[in-house]
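Reading through the structure tokens given below for one structure.
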Amino acid sequence: MSKEINTKLLVIGGGPGGYVAAIRAGQLGISTVLAEGAQPGGTCLNIGCIPSKALIHAAHAFEQARHQAKGSPLGIRVADPSIDIAQTVRWKDGIVQRLTGGVGALLRKAGVQVLKGWAQIEDGKTVTVKPHEGEPVRVHCEHLLLATGSEPVELPSMPFGGAIWSSTEALSPAALPKRLVVVGAGYIGLELGMAYRKLGAEVTVVEAIDRVLPTYDAELTQPVLDALKKSGITLHLGCKVQGWDAKHGVHVRNDVKAEDFTLPADRVLVALGRRPRTGGFGLESLQLDMAGRHVAIDAHCRTSMRDVWAIGDVTGEPMLAHRAMAQGECVAEQVAGQNRRFEPMAIPAVCFTDPEVVVAGRTPAEARAAGIDCIEAQFPFAANGRAMTLEAGSGFVRVVARKDNHLILGWQAVGQGVAELVAAFSQSIEMGARLEDVGHTIHAHPTLGEAVQEAALRALGQALHV
């Protein structure tokens, strides 16, 4: 016979959105239960954002050592560097364990009851959680929050397993493959493909669209394309993967040239994006309104059923951890009786390729498509002293603003370390800053952030260093 408990808020899913919602609810004095079948932190903390950045950093450090071994203009000399990938994975796992342990401690501090098991929805007020050990727990709740995240998309002809990797397997290799074929030139495929190339693998990328990072504009992605070619990564753009066999490798079709060819590979990373996780936990019993594959929500993160909420990847694009976190906080405060809406002016996105790509707010094309008369300007890192000292002179910062009143609508940047500029980008948009506000704010010298000020000044016709 199952145990029964009552709570005001039940959260299904302990990823960034779910655990933040639970912590905030606990802080507000709401009795909260969090059901999570795996480890707290979800995909992002365990098999996504954090471990991938650790691997990317290790790969960059190894590449730098190899570069210096060949003779560096900095005068550094290193003799025959090597990498112990097993130790790299252990180091990466240690970071993950510290962070997931921290999440668990924060949940306990907030008074959240965590049920380690898989949830099965009976109705909008009742969920059974089946733990890994022990008897099931039947939870009765006033509010139900769906934060079940997403899962990688498989190719029907190449299901995950063995030599066919998802991003999960790519983050914990037992050994480095000699030849890696990456299917998909989106941010996941390119981030990991570039990392493996730096680690010494022969990397080939196959993409059905005729360019890399197809969701970003071509001007932003050109420096990434240049870096891919310079690194020795082979690109097959406008090509489709047909299948795989262990003897010959990956079968590819180029429809434009009407030709088929095969790419030898020890491992194949399928990085075709992610889809909302909506199956396997009884979601269909709620008969919620859906928007395609994802759960439809309003500006309050409410679903079509009263007191049933949804946040994060299960609600569709943009599938970003920081979006889920903000939504989780928003829901918790509404359950506590506060008046909140989720209507951000900008949700920043970062692609951790080398160089990095960041966007916040509207691009020039998006502004014009909305009928806005806008101005844009960019400042190149080739004219930034700090970038030159970091051997990072490629790329630029771009600003988009209304022509009539100079209200900033968006920022984009590509270059080394530009991910750390994105907070300033989003903040200026949310605060309704104008070009004059940024251009006339004193920025420290020498920093990459000076490029932000200079882009604003250039849009005003007041450029100083270009």
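So you can find residues: chains in the structure tokens are A, B, ... in the order shown, residues in each start at 1, and ligands are numbered from 1 in order.
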
If you take only C-alpha atoms and a cut-off of 7 Å, which residues of range 158-245 of chain A touch range 52-64 of chain A, and what are their nearest atom pairs and distances in Å to one decimal, in chain and number order, as a Markdown table?
```
| residue | atom | partner | partner_atom | distance |
| --- | --- | --- | --- | --- |
| A:Leu171 | CA | A:Ser52 | CA | 6.3 |
| A:Ala195 | CA | A:Ile56 | CA | 5.3 |
| A:Lys198 | CA | A:Glu63 | CA | 5.3 |
| A:Leu199 | CA | A:Ala59 | CA | 5.4 |
```

For the selection just defined, write its residues with N, CA and C atoms to a file, as a compact mmCIF listing (two decimals), in the first residue's frame.
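Final output, selection.txt:
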```
# COMPACT_ATOMS: atom_id res chain seq x y z
N LEU A 171 30.08 13.46 -23.57
CA LEU A 171 30.65 14.18 -22.43
C LEU A 171 31.41 13.26 -21.48
N ALA A 195 35.46 20.96 -29.64
CA ALA A 195 36.20 20.45 -28.48
C ALA A 195 36.95 19.18 -28.84
N LYS A 198 40.01 19.87 -30.89
CA LYS A 198 41.11 20.37 -30.06
C LYS A 198 41.77 19.24 -29.27
N LEU A 199 40.97 18.20 -28.96
CA LEU A 199 41.52 17.06 -28.23
C LEU A 199 42.29 16.10 -29.14
```

Contacts of Cys44 in chain A at 8 Å (only C-alpha atoms; same-chain gap of 3+ positions) as a count of residues only = 8

task = Can you pull out every residue within 7 Å of Ala147 in chain A, counting only C-alpha atoms, but drop anything in the same chain fewer than 5 positions away, and send it as number ranges by chain?
result = A: 11-13, 17-18, 310-312, 314

Restricting the output to C-alpha atoms, write the selected residues as a PDB file, in the first residue's frame.
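This went into result02.pdb:
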```
ATOM      1  CA  VAL A  11       7.105  20.021  -8.778  1.00  0.00           C
ATOM      2  CA  ILE A  12       7.827  17.247 -11.286  1.00  0.00           C
ATOM      3  CA  GLY A  13      11.419  17.547 -12.447  1.00  0.00           C
ATOM      4  CA  GLY A  17      13.490  25.337 -13.588  1.00  0.00           C
ATOM      5  CA  GLY A  18      12.121  22.780 -11.163  1.00  0.00           C
ATOM      6  CA  ALA A 310       4.561  24.371 -16.806  1.00  0.00           C
ATOM      7  CA  ILE A 311       8.035  25.829 -17.266  1.00  0.00           C
ATOM      8  CA  GLY A 312      11.255  25.252 -19.144  1.00  0.00           C
ATOM      9  CA  VAL A 314       8.612  21.171 -21.883  1.00  0.00           C
TER      10      VAL A 314
END
```

inquiry  = Calculated over only C-alpha atoms, which of the candidates A:Ile23, A:Ile375, A:Ala456, A:Leu320 has the smallest distance to Leu9 in chain A?
reply    =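 Under the stated criterion, the closest residue is A:Ile23.
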
Shell of 8 Å around range 234-251 of chain A, only C-alpha atoms, local chain residues under 3 positions omitted, as JSON, numbers by chain = {"A": [157, 158, 181, 183, 203, 204, 205, 206, 207, 208, 209, 210, 211, 212, 228, 229, 254, 255, 256, 260, 261, 262, 263, 264, 265, 266, 268]}

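With only C-alpha atoms as the atoms that count, the minimum distance from Gly395 in chain A to the choices A:Gly94, A:Pro348, A:Gly432, A:Gly417 is reached by A:Gly417.
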
request  = Have a look at A:Leu28, A:Val466, A:Ile164, A:Val114 and name the one nearest to Ala382 in chain A; count only C-alpha atoms.
outcome  =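 Looking only at the distances to Ala382 in chain A, the closest residue turns out to be A:Val466.
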
query = What gap, in Å, lies between CA of Phe281 in chain A and CA of Glu4 in chain A?
reply =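 Pair CA of Phe281 in chain A / CA of Glu4 in chain A returns 18.5 Å.
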
request  = Give me the residues within 8 Å of Ser426 in chain A as a VMD selection string, counting only C-alpha atoms and dropping any in the same chain fewer than 4 places off.
outcome  = chain A and resid 346 to 348 360 to 361 422 430

inquiry  = I need the residues in range 9-176 of chain A that are strand (DSSP E) according to DSSP; give them as number ranges by chain.
reply    = A: 9-12, 32-36, 113-123, 126-131, 137-146, 150-152, 164-165

key: Distance criterion (only C-alpha atoms): nearest to Ile95 in chain A out of A:Gly193, A:Gly328, A:Gly161, A:Pro51   =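 Residue with the minimum atom-to-atom distance to Ile95 in chain A: A:Pro51.
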
query = With distances taken over only C-alpha atoms, which of A:Gly186, A:Pro152, A:Phe160, A:Ala271 is nearest to Pro214 in chain A?
reply =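 Closest candidate: A:Gly186.
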
request  = Find the residues near Asp80 in chain A: any atom within 10 Å, counting only C-alpha atoms, skip ones fewer than 4 places away on the same chain, and give them as a list in words.
outcome  =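 The residues that qualify are Ala65, Arg66, Gln68, Ala69 and Lys70 of chain A.
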
Write out, as a short mmCIF file (atom, residue, chain, number, x, y, z; two decimals), in the first residue's frame, the residues just selected, with N, CA and C atoms.
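Listing of again_37.cif after writing:
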```cif
data_model
loop_
_atom_site.label_atom_id
_atom_site.label_comp_id
_atom_site.auth_asym_id
_atom_site.auth_seq_id
_atom_site.Cartn_x
_atom_site.Cartn_y
_atom_site.Cartn_z
N ALA A 65 48.35 24.20 -25.15
CA ALA A 65 49.63 23.56 -24.86
C ALA A 65 50.27 23.01 -26.13
N ARG A 66 49.47 22.41 -27.00
CA ARG A 66 49.99 21.89 -28.26
C ARG A 66 50.49 23.02 -29.15
N GLN A 68 51.65 25.89 -28.13
CA GLN A 68 52.90 26.42 -27.58
C GLN A 68 54.08 25.46 -27.83
N ALA A 69 53.77 24.18 -27.95
CA ALA A 69 54.83 23.21 -28.22
C ALA A 69 55.43 23.42 -29.62
N LYS A 70 54.64 24.03 -30.51
CA LYS A 70 55.12 24.27 -31.87
C LYS A 70 55.87 25.59 -31.99
#
```

Best match for closeness to Thr100 in chain A among A:Thr168, A:Glu142, A:Val397, A:Gly14, counting only C-alpha atoms =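 When distances to Thr100 in chain A are compared using only C-alpha atoms, the smallest one comes from A:Gly14.
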
query = Mind pulling up the distance from CA of Gly124 in chain A to CA of Thr303 in chain A?
reply = 11.0 Å

inquiry  = When you look at His465 in chain A with a cut-off of 10 Å (counting only C-alpha atoms), what residues show up, excluding the ones that are within fewer than 3 positions of it in the same chain? I need them as number ranges by chain.
reply    = A: 379-380, 383-384, 451, 454, 457-458, 462

message = Could you tell me how far CA of Val137 in chain A sits from CA of Glu36 in chain A, in Å to one decimal place?
response = 12.7 Å
